[in-house]
Amino acid sequence: MFGMGMGSEFSDMYRCHSVSLLAAEQQRDADRLEATDKIILPPSALEKIAHLEVSYPLIFELTNPHYQELRLHCGVLEFIAQEGMIYLPYWIMENLHLQEGDMLHLRSATILKGSYVKLQPQTSDFIKISNPKAVLEATLRNFSALTKGEVIRIFYNQKQYDIGVVEVKPEGGRFPPRRPQAVCIIEADVQGDFAPPAD
């Protein structure tokens with residue numbers, strides 16, 4: 001829409017919509033599209049990215065132009081959105097204070113591979129399910145990145161659970177100066193811990 005692909009970074013603005021809207025239009029399973037951190041971009045984004053020297057796996061930084069201090073990191077699922085639009089899980093929209101149709105800034109990002117995460121269930125209901133650690137590990141296989149301060153949403157037995165990301169550490173233990181506190185969890189050996197539930 002307002003493309004600015006230069007050098008090795010992809011950067012653009014999109015009108016955002018929740019993946020449930022796309023699911024309804026295409027008769028797809030909304031829960032599967034919501035239970036991840038992956039976004040759906042238009043085909044033109046793939047075309048622009050193909051001409052850049054971006055690192056893989058593709059990780060993007062999302063920013064609400066009205067709340068620039070809020071930044072989340074995610075992966076991409078498909079390039080089938082209508083031009084000028086981006087579809088994302090609703091929990092990401094909530095984290096970034098976005099409503100349907102708001103503008104969103106997206107840019108390619110290079111983040112470090114993760115080695116440790118500390119997560120905090122937002123309610124004690126989550127720790128009452130049988131083997132919450134296994135449920136979380138299975139769910140996180142559908143995620144690309146975790147950003148300190150975000151609250152992810154997982155689905156289990158027809159219920160949703162919000163889980164806060166309290167701490168992340170990259171391989172090597174420290175983030176370089178001015179790097180976001182976000183880690184890539186694709187093919188990473190990440191150790192995890194739980195903080196006591198927020199409630």
# chains A, B, ... in the order shown; residues from 1 in each chain; ligands from 1
>>> residues_around(residues="region 51-63 of chain A", least_positions_apart="2", cutoff="9 Å", atoms="only C-alpha atoms", output="VMD selection string")
chain A and resid 5 to 10 46 to 49 65 to 76 96 104 to 111 144 to 145 184 186
>>> select_by_dssp(residues="chain A", states="strand (DSSP E)", output="ChimeraX atom specification")
/A:11-18,38-40,59-64,67-78,85-88,103-109,112-121,145-147,151-156,159-170,182-184,191-194
>>> write_last_selection(atoms="C-alpha atoms", output="CSV table (one decimal), in the first residue's frame")
chain,number,residue,atom,x,y,z
A,11,SER,CA,8.7,-2.0,5.6
A,12,ASP,CA,5.1,-1.2,4.8
A,13,MET,CA,1.8,0.0,6.3
A,14,TYR,CA,-1.4,-2.2,6.1
A,15,ARG,CA,-5.0,-2.0,7.2
A,16,CYS,CA,-5.4,-4.8,9.7
A,17,HIS,CA,-8.2,-7.3,10.2
A,18,SER,CA,-8.5,-10.4,12.4
A,38,LYS,CA,1.5,-16.0,12.1
A,39,ILE,CA,0.1,-13.3,9.9
A,40,ILE,CA,-1.3,-13.3,6.4
A,59,ILE,CA,10.2,-12.6,11.2
A,60,PHE,CA,8.3,-9.3,11.3
A,61,GLU,CA,8.0,-6.5,13.8
A,62,LEU,CA,4.5,-5.1,14.2
A,63,THR,CA,3.8,-1.6,15.5
A,64,ASN,CA,0.7,0.4,16.0
A,67,TYR,CA,1.4,3.3,20.3
A,68,GLN,CA,5.0,3.2,18.9
A,69,GLU,CA,6.4,1.8,22.2
A,70,LEU,CA,4.4,-1.5,21.7
A,71,ARG,CA,6.2,-3.8,19.4
A,72,LEU,CA,5.5,-7.5,18.7
A,73,HIS,CA,7.3,-10.0,16.6
A,74,CYS,CA,5.7,-12.8,14.5
A,75,GLY,CA,6.0,-15.0,11.5
A,76,VAL,CA,4.0,-15.3,8.3
A,77,LEU,CA,1.6,-18.0,7.3
A,78,GLU,CA,0.6,-17.1,3.8
A,85,MET,CA,-4.5,-5.6,4.1
A,86,ILE,CA,-3.0,-7.8,6.7
A,87,TYR,CA,-4.8,-10.5,8.7
A,88,LEU,CA,-3.6,-11.3,12.2
A,103,MET,CA,-3.4,0.9,10.2
A,104,LEU,CA,-0.4,-1.2,11.2
A,105,HIS,CA,3.3,-0.8,10.5
A,106,LEU,CA,5.1,-3.9,9.5
A,107,ARG,CA,8.8,-4.4,9.0
A,108,SER,CA,11.1,-7.3,8.6
A,109,ALA,CA,13.2,-8.0,11.6
A,112,LEU,CA,18.1,-13.8,18.1
A,113,LYS,CA,17.3,-17.5,18.6
A,114,GLY,CA,15.8,-18.1,22.0
A,115,SER,CA,17.3,-20.2,24.8
A,116,TYR,CA,14.9,-19.4,27.7
A,117,VAL,CA,11.4,-18.0,28.3
A,118,LYS,CA,9.5,-17.3,31.5
A,119,LEU,CA,5.7,-17.4,31.0
A,120,GLN,CA,2.9,-16.3,33.3
A,121,PRO,CA,-0.6,-17.7,33.0
A,145,ALA,CA,8.7,-15.6,18.1
A,146,LEU,CA,8.1,-14.4,21.6
A,147,THR,CA,8.4,-10.8,22.7
A,151,VAL,CA,0.3,-11.8,26.2
A,152,ILE,CA,-0.2,-14.8,23.8
A,153,ARG,CA,-3.4,-16.8,23.6
A,154,ILE,CA,-3.6,-20.6,23.5
A,155,PHE,CA,-6.6,-22.8,22.9
A,156,TYR,CA,-7.1,-26.1,24.7
A,159,LYS,CA,-11.2,-22.9,26.1
A,160,GLN,CA,-8.8,-20.1,25.6
A,161,TYR,CA,-6.0,-19.2,28.0
A,162,ASP,CA,-3.9,-16.0,28.0
A,163,ILE,CA,-0.2,-16.4,28.9
A,164,GLY,CA,2.1,-13.5,29.5
A,165,VAL,CA,5.7,-13.5,28.3
A,166,VAL,CA,7.6,-12.3,31.4
A,167,GLU,CA,11.2,-12.9,30.3
A,168,VAL,CA,13.1,-14.0,27.2
A,169,LYS,CA,16.8,-14.8,26.8
A,170,PRO,CA,18.7,-15.4,23.6
A,182,ALA,CA,12.3,-10.8,21.4
A,183,VAL,CA,13.5,-14.3,20.5
A,184,CYS,CA,12.9,-16.6,17.5
A,191,GLN,CA,14.0,-23.9,28.2
A,192,GLY,CA,10.8,-22.7,29.9
A,193,ASP,CA,9.7,-21.6,33.3
A,194,PHE,CA,6.3,-20.6,34.8
>>> decode(residues="region 120-131 of chain A", atoms="all heavy atoms", output="compact mmCIF listing (two decimals), in the first residue's frame")
# COMPACT_ATOMS: atom_id res chain seq x y z
N GLN A 120 3.79 -16.51 32.18
CA GLN A 120 2.88 -16.34 33.32
C GLN A 120 1.43 -16.50 32.86
O GLN A 120 0.91 -15.63 32.16
CB GLN A 120 3.08 -14.96 33.95
CG GLN A 120 2.18 -14.75 35.15
CD GLN A 120 2.36 -13.37 35.74
OE1 GLN A 120 2.45 -12.38 35.01
NE2 GLN A 120 2.43 -13.31 37.05
N PRO A 121 0.80 -17.62 33.28
CA PRO A 121 -0.63 -17.73 32.99
C PRO A 121 -1.36 -16.54 33.62
O PRO A 121 -1.04 -16.12 34.74
CB PRO A 121 -1.04 -19.04 33.67
CG PRO A 121 0.24 -19.79 33.85
CD PRO A 121 1.31 -18.76 34.03
N GLN A 122 -2.32 -15.98 32.89
CA GLN A 122 -3.04 -14.82 33.42
C GLN A 122 -4.11 -15.23 34.42
O GLN A 122 -4.56 -14.40 35.21
CB GLN A 122 -3.64 -14.01 32.27
CG GLN A 122 -2.59 -13.48 31.30
CD GLN A 122 -1.54 -12.61 31.98
OE1 GLN A 122 -1.83 -11.48 32.35
NE2 GLN A 122 -0.33 -13.12 32.16
N THR A 123 -4.49 -16.51 34.40
CA THR A 123 -5.43 -17.03 35.39
C THR A 123 -4.94 -18.40 35.86
O THR A 123 -4.22 -19.10 35.14
CB THR A 123 -6.86 -17.19 34.81
OG1 THR A 123 -6.81 -18.15 33.76
CG2 THR A 123 -7.40 -15.87 34.30
N SER A 124 -5.35 -18.79 37.06
CA SER A 124 -4.93 -20.08 37.61
C SER A 124 -5.63 -21.25 36.93
O SER A 124 -5.23 -22.40 37.10
CB SER A 124 -5.16 -20.12 39.12
OG SER A 124 -6.49 -19.78 39.42
N ASP A 125 -6.65 -20.98 36.11
CA ASP A 125 -7.32 -22.06 35.36
C ASP A 125 -6.33 -22.85 34.52
O ASP A 125 -6.45 -24.07 34.39
CB ASP A 125 -8.38 -21.49 34.40
CG ASP A 125 -9.58 -20.94 35.12
OD1 ASP A 125 -9.65 -21.07 36.37
OD2 ASP A 125 -10.44 -20.36 34.45
N PHE A 126 -5.34 -22.18 33.96
CA PHE A 126 -4.40 -22.85 33.07
C PHE A 126 -3.58 -23.91 33.80
O PHE A 126 -3.35 -24.99 33.26
CB PHE A 126 -3.47 -21.85 32.38
CG PHE A 126 -2.51 -22.51 31.42
CD1 PHE A 126 -2.97 -23.01 30.22
CD2 PHE A 126 -1.17 -22.65 31.74
CE1 PHE A 126 -2.10 -23.65 29.34
CE2 PHE A 126 -0.30 -23.28 30.88
CZ PHE A 126 -0.75 -23.78 29.67
N ILE A 127 -3.12 -23.61 35.00
CA ILE A 127 -2.28 -24.59 35.69
C ILE A 127 -3.10 -25.76 36.25
O ILE A 127 -2.54 -26.75 36.68
CB ILE A 127 -1.42 -23.94 36.81
CG1 ILE A 127 -2.29 -23.26 37.85
CG2 ILE A 127 -0.41 -22.98 36.21
CD1 ILE A 127 -1.54 -22.76 39.06
N LYS A 128 -4.43 -25.65 36.19
CA LYS A 128 -5.29 -26.75 36.65
C LYS A 128 -5.54 -27.80 35.57
O LYS A 128 -6.04 -28.87 35.88
CB LYS A 128 -6.63 -26.18 37.14
CG LYS A 128 -6.50 -25.35 38.40
CD LYS A 128 -7.82 -24.74 38.79
CE LYS A 128 -7.64 -23.81 39.99
NZ LYS A 128 -8.86 -23.04 40.25
N ILE A 129 -5.20 -27.49 34.31
CA ILE A 129 -5.38 -28.50 33.27
C ILE A 129 -4.31 -29.57 33.44
O ILE A 129 -3.26 -29.33 34.04
CB ILE A 129 -5.35 -27.89 31.85
CG1 ILE A 129 -3.98 -27.29 31.53
CG2 ILE A 129 -6.44 -26.87 31.66
CD1 ILE A 129 -3.87 -26.77 30.11
N SER A 130 -4.58 -30.76 32.92
CA SER A 130 -3.58 -31.82 33.08
C SER A 130 -2.39 -31.52 32.17
O SER A 130 -2.55 -31.25 30.99
CB SER A 130 -4.19 -33.19 32.76
OG SER A 130 -4.44 -33.31 31.39
N ASN A 131 -1.22 -31.51 32.76
CA ASN A 131 0.05 -31.27 32.07
C ASN A 131 0.08 -29.97 31.26
O ASN A 131 0.22 -29.99 30.03
CB ASN A 131 0.41 -32.46 31.19
CG ASN A 131 1.90 -32.54 30.96
OD1 ASN A 131 2.64 -31.60 31.23
ND2 ASN A 131 2.35 -33.67 30.44
